[in-house]
Amino acid sequence: MKTSIRIHSLLMAGLAFLAMSCDQGNRAGNGALSSNIAEKVYIAPGERDEQYGFLSGGYSGNLTVYGLPSGRMFKEIPVFSQFPTSGYGYSEETKPMLNTSFGFVPWDDLHHPDISQTKGELDGRWIFANGNNTPRIARISLTTFETEEIIEVPNSAGNHSSSFITENTEYVVAGTRFSVPVPQRDMPISEYKSNFKGALTFIAVDPEHGHFNIKFQLIMPGFNYDLSHPGRDKSHGWFFFSTYNTEEANTLLEVNASQNDKDFIAAINWKKIEAYVNNGGGKKVPARYAHNVYDESTHTATSTIKEEVLTVDPSDVPGAIYFLPTPKSPHGCDVDPSGQYIIGSGKLSADITVHSFDKMLAAIDAKKFDGEAYGIPILNYDDILAGTVQSGGLGPLHTEFDGRGNAYTTFFISSEVVKWKLGTWEVIDRQPTFYSVGHLMIPGGNSRKPHGKYLVAMNKITKDRYLPTGPEMEHSAQIYDISGEKMQLLYDFPTHGEPHYAAGCDAELIVNNSKKIYRLDENKHPYAITSPAQAKVERKGNEVHIYMSTIRSHFTPDNIEGIKVGDKVYFHITNHEQDFDVPHGFSIIGQGTSEILIMPGQTKTSLWEPKRVGVWPFYCTDFCSALHQEMQGYVRVSPANANIELSWSLDE
Amino acid sequence: MKSIPFKLILIVLALSLVYACTNRRDGSTQSEDPQATSHPKGQASVEDDVSAKNILQVAMSSEAHSTLVAAVAAAQIEHVLVNAGPLTVFAPINEAFDALPEGTVENLLKPENKAQLATILTRHAAPGSFDIDALKREATKGRKIYMATGDYLEVVIEGDKIFVGGAEILSTIPTSNGVIQVVNKVILP
């Protein structure tokens, strides 16, 4: 009897536990066994994700596209780096995209993607990204997922407080991290103080086509400008930049730039400066920078070198710029969806500083200043403070919002995400990250209207999270469900390169605009052919132009003779497919560049400089069809002094 | 001894709880195969109104090919006709099927004859894109067309007419994944 009672109670307890875990499965803490966490990120075969995530690739120079919540990577979009997978930066049409005033620079360090907005809400038209190293800003189409435009930023160095956009995508803003001599000149480094300048660049975005034009550069004191954020809603018209090294040190910054108790957030009334410039203000100065534009109809980029830029001296526009004292070398500078709170994350601090936009305006009106720096008024810290978040964490870096009155801040040193409440500054939840988190991203989380269901934390250190792959690991990211009161860690996935920041949005904003094919009858490439009957080969001196077409599963022509050693042979290939997801590739033996991948309806050009006599094959690099292995051809290369006539054919 | 049925009840209750809990996760039952529900016809289910039409889409929009389309559906080979190919389909018009001995089509459309029907239809498909010029080259070079079933069909030019495996080419329709050559006969072994 005793035994059976024990069994009864055991079973009852088990039953109670089962019923409980069933009810609370959604909110259960650690361990997928006790909950349905796995199903929250499980996207069944053939089903699609709810949201897009665009993660910066950092030193890969590229942008990667992920699905959320699955963490599946869909694409790597080449932006600042040559990319053999598609031939970007290798094909004749795309080489100009990587031109700069320093010549061809085939790499950069891509940091902060930001999606275009209308009225402060994501509109899904373009995504912008900054190249840190050789300062550049790129615009990527979210229709074609191709980089369409890159503009170099003169007078800048370490283009880090970029590429953030204003509420209606009026401007994409690029601030320099390193101050430099403006204009550049030969001078002693030790004379940095008061001689070096920090340029903050406002690049106007044409509302119809997105084309860039540098409207003005604000030539600021020689601090380091770290991150920036536009005002939102009530603070629209202002832009906020975090600074460090207000000490203006030029050596051992890890010590010398940490001397001041407070650095600044620079508050800039860009509408005021825009009005000043529109009324003829500012000074045009010589500068050299490249402006590269890709034309979808010709499938070709052109690069133009510009010679002049309009600069604005802050002292010429009184009342447009103020400094907000912010403790301990602030990194993140973030504005909440209402535009009222400006959040400075002093990366050497334990607390998060929140400034009030209303208090800032009141202090400006009352002219209550605490001195000035280089003629720019400094506001009183206590006058503008909305509150501080006593987080208990260490090393706050970056904050985003869920649109429900909550903020989420990453802490690098204590490896965690802290959720806190706007207005009361109370900490609601904290979750560890693995490890040393940099930025986080909530889709739309830096806009007026966050799509606040998931949070992605992007870490700097991976260590033991995945199977080891030698000394270097891809960086880890963690996705959290933030729909409830407490954050719930759902999934952990590797990223590509170094994800410094990301942007994301609901899938429906993009899905229906995504391009499937380029229409052949709209192809305006000068070397395009719209029918295989137009295929031909032309010689101009030692340049040979091959007008070639592809369709499953052959090249037209596929036998070419009359090429000579020393020729420059341009294969201009038009893909005659008009079928979604059916590119053809091209490569030829001994080629000094990469293959090219030609989208349906597109024309691309590959240069080949044959160095040896012989008969050399070329082939399609994309497994296009059942007869892909048959998709090949031959080029006969004769000695430089040969008299072989040019000829070409297919199945003759 | 009463304790045994009570235990049983508890166990049954526990099991049913586990079951209910499992089933409640996303409102669907576990027996559903997601692959089967999301793409029952494979690639043929892909929605795409931008690309040029593929062989299946062209055939489905052609009234003259309603028998062929019904046969393709009965044989469940839709996904073959939307595949990357490239394919050339020699597509018999309805009259070609009508000309078969009475009852042939009805018989082939029966579920139990699915495999036989698939073989007959596959015999009308050739890997590769054969437009009219390509067919003429086949004839003048004395090449035969290799069909998906492994048969080789002869191409014959008679005056301004072209015949493949004895069927006359009536017209040619380019598609996104190959070519449809409309023919006046069902090509039987």
# chains A, B, ... in the order shown; residues from 1 in each chain; ligands from 1
call {"tool": "residues_around", "arguments": {"residues": "stretch 131-138 of chain B", "least_positions_apart": "3", "cutoff": "12 Å", "atoms": "only C-alpha atoms", "output": "number ranges by chain"}}
result
A: 533, 650-652; B: 86-90, 126, 128, 141-146, 152-165, 168-175, 178-182
call {"tool": "write_last_selection", "arguments": {"atoms": "C-alpha atoms", "output": "compact mmCIF listing (two decimals), in the first residue's frame"}}
result
# COMPACT_ATOMS: atom_id res chain seq x y z
CA ALA A 533 21.97 36.47 -84.63
CA LEU A 650 28.14 28.02 -83.29
CA ASP A 651 27.39 24.53 -84.59
CA GLU A 652 28.54 25.16 -88.17
CA PRO B 86 16.49 23.21 -71.14
CA LEU B 87 13.76 21.15 -72.72
CA THR B 88 12.07 20.96 -76.06
CA VAL B 89 8.55 19.63 -75.78
CA PHE B 90 6.86 18.31 -78.91
CA ALA B 126 14.07 16.36 -75.51
CA GLY B 128 18.12 20.93 -75.16
CA LYS B 141 23.63 17.05 -90.41
CA GLY B 142 21.85 13.68 -90.11
CA ARG B 143 21.67 13.93 -86.29
CA LYS B 144 18.83 12.39 -84.37
CA ILE B 145 17.19 14.03 -81.38
CA TYR B 146 17.75 12.24 -78.10
CA TYR B 152 16.27 8.83 -80.77
CA LEU B 153 13.87 10.56 -83.16
CA GLU B 154 14.64 11.39 -86.74
CA VAL B 155 14.07 14.88 -88.13
CA VAL B 156 12.95 15.03 -91.75
CA ILE B 157 12.47 18.06 -93.97
CA GLU B 158 9.90 17.69 -96.76
CA GLY B 159 9.50 20.85 -98.77
CA ASP B 160 8.71 23.56 -96.23
CA LYS B 161 7.49 21.06 -93.66
CA ILE B 162 9.48 19.57 -90.81
CA PHE B 163 8.67 16.22 -89.19
CA VAL B 164 10.00 14.83 -85.92
CA GLY B 165 9.37 11.15 -85.25
CA GLU B 168 4.62 17.50 -88.27
CA ILE B 169 5.77 20.74 -86.63
CA LEU B 170 2.82 23.16 -86.78
CA SER B 171 4.33 26.10 -84.89
CA THR B 172 7.08 27.06 -82.44
CA ILE B 173 6.71 28.83 -79.09
CA PRO B 174 9.82 29.98 -77.22
CA THR B 175 9.52 29.66 -73.42
CA GLY B 178 13.10 25.80 -73.55
CA VAL B 179 10.94 25.49 -76.65
CA ILE B 180 7.49 24.16 -77.41
CA GLN B 181 7.18 22.64 -80.87
CA VAL B 182 3.50 22.17 -81.55
call {"tool": "residues_around", "arguments": {"residues": "stretch 413-430 of chain A", "least_positions_apart": "4", "cutoff": "6 Å", "atoms": "only C-alpha atoms", "output": "list in words"}}
result
Val389, Gly393, Leu394, Gly395, Gly405, Asn406, Ala407, Tyr408, Thr409, Tyr435, Ser436, Val437 and Lys486 of chain A
call {"tool": "write_last_selection", "arguments": {"atoms": "C-alpha atoms", "output": "PDB file, in the first residue's frame"}}
result
ATOM      1  CA  VAL A 389      20.111  54.478 -15.790  1.00  0.00           C
ATOM      2  CA  GLY A 393      26.484  46.777 -15.971  1.00  0.00           C
ATOM      3  CA  LEU A 394      29.842  47.842 -17.315  1.00  0.00           C
ATOM      4  CA  GLY A 395      30.712  49.482 -20.629  1.00  0.00           C
ATOM      5  CA  GLY A 405       8.489  52.556 -24.035  1.00  0.00           C
ATOM      6  CA  ASN A 406      11.487  50.330 -23.456  1.00  0.00           C
ATOM      7  CA  ALA A 407      15.133  50.714 -24.337  1.00  0.00           C
ATOM      8  CA  TYR A 408      17.732  47.975 -24.720  1.00  0.00           C
ATOM      9  CA  THR A 409      21.404  48.728 -24.155  1.00  0.00           C
ATOM     10  CA  TYR A 435      30.524  37.211 -25.506  1.00  0.00           C
ATOM     11  CA  SER A 436      31.391  40.920 -25.332  1.00  0.00           C
ATOM     12  CA  VAL A 437      28.514  42.367 -27.284  1.00  0.00           C
ATOM     13  CA  LYS A 486      11.516  39.490 -19.981  1.00  0.00           C
TER      14      LYS A 486
END
call {"tool": "atom_distance", "arguments": {"atom1": "atom CA of B:Pro127", "atom2": "atom CA of B:Ala64"}}
result
23.5 Å
call {"tool": "closest_residue", "arguments": {"among": "A:Thr353, A:Asn195, A:Asn559, A:Ser594", "to": "A:Thr621", "atoms": "only C-alpha atoms"}}
result
A:Ser594
call {"tool": "residues_around", "arguments": {"residues": "A:Trp616", "least_positions_apart": "5", "cutoff": "10 Å", "atoms": "only C-alpha atoms", "output": "PyMOL selection string"}}
result
chain A and resi 560+588-590+610+633-637
call {"tool": "residues_around", "arguments": {"residues": "stretch 93-98 of chain B", "least_positions_apart": "4", "cutoff": "6 Å", "atoms": "only C-alpha atoms", "output": "list in words"}}
result
Ala64, His65, Thr67, Asn184, Lys185 and Val186 of chain B
call {"tool": "closest_residue", "arguments": {"among": "A:Thr530, A:Glu543, A:Ser91, A:Phe369", "to": "A:Gly592", "atoms": "only C-alpha atoms"}}
result
A:Ser91
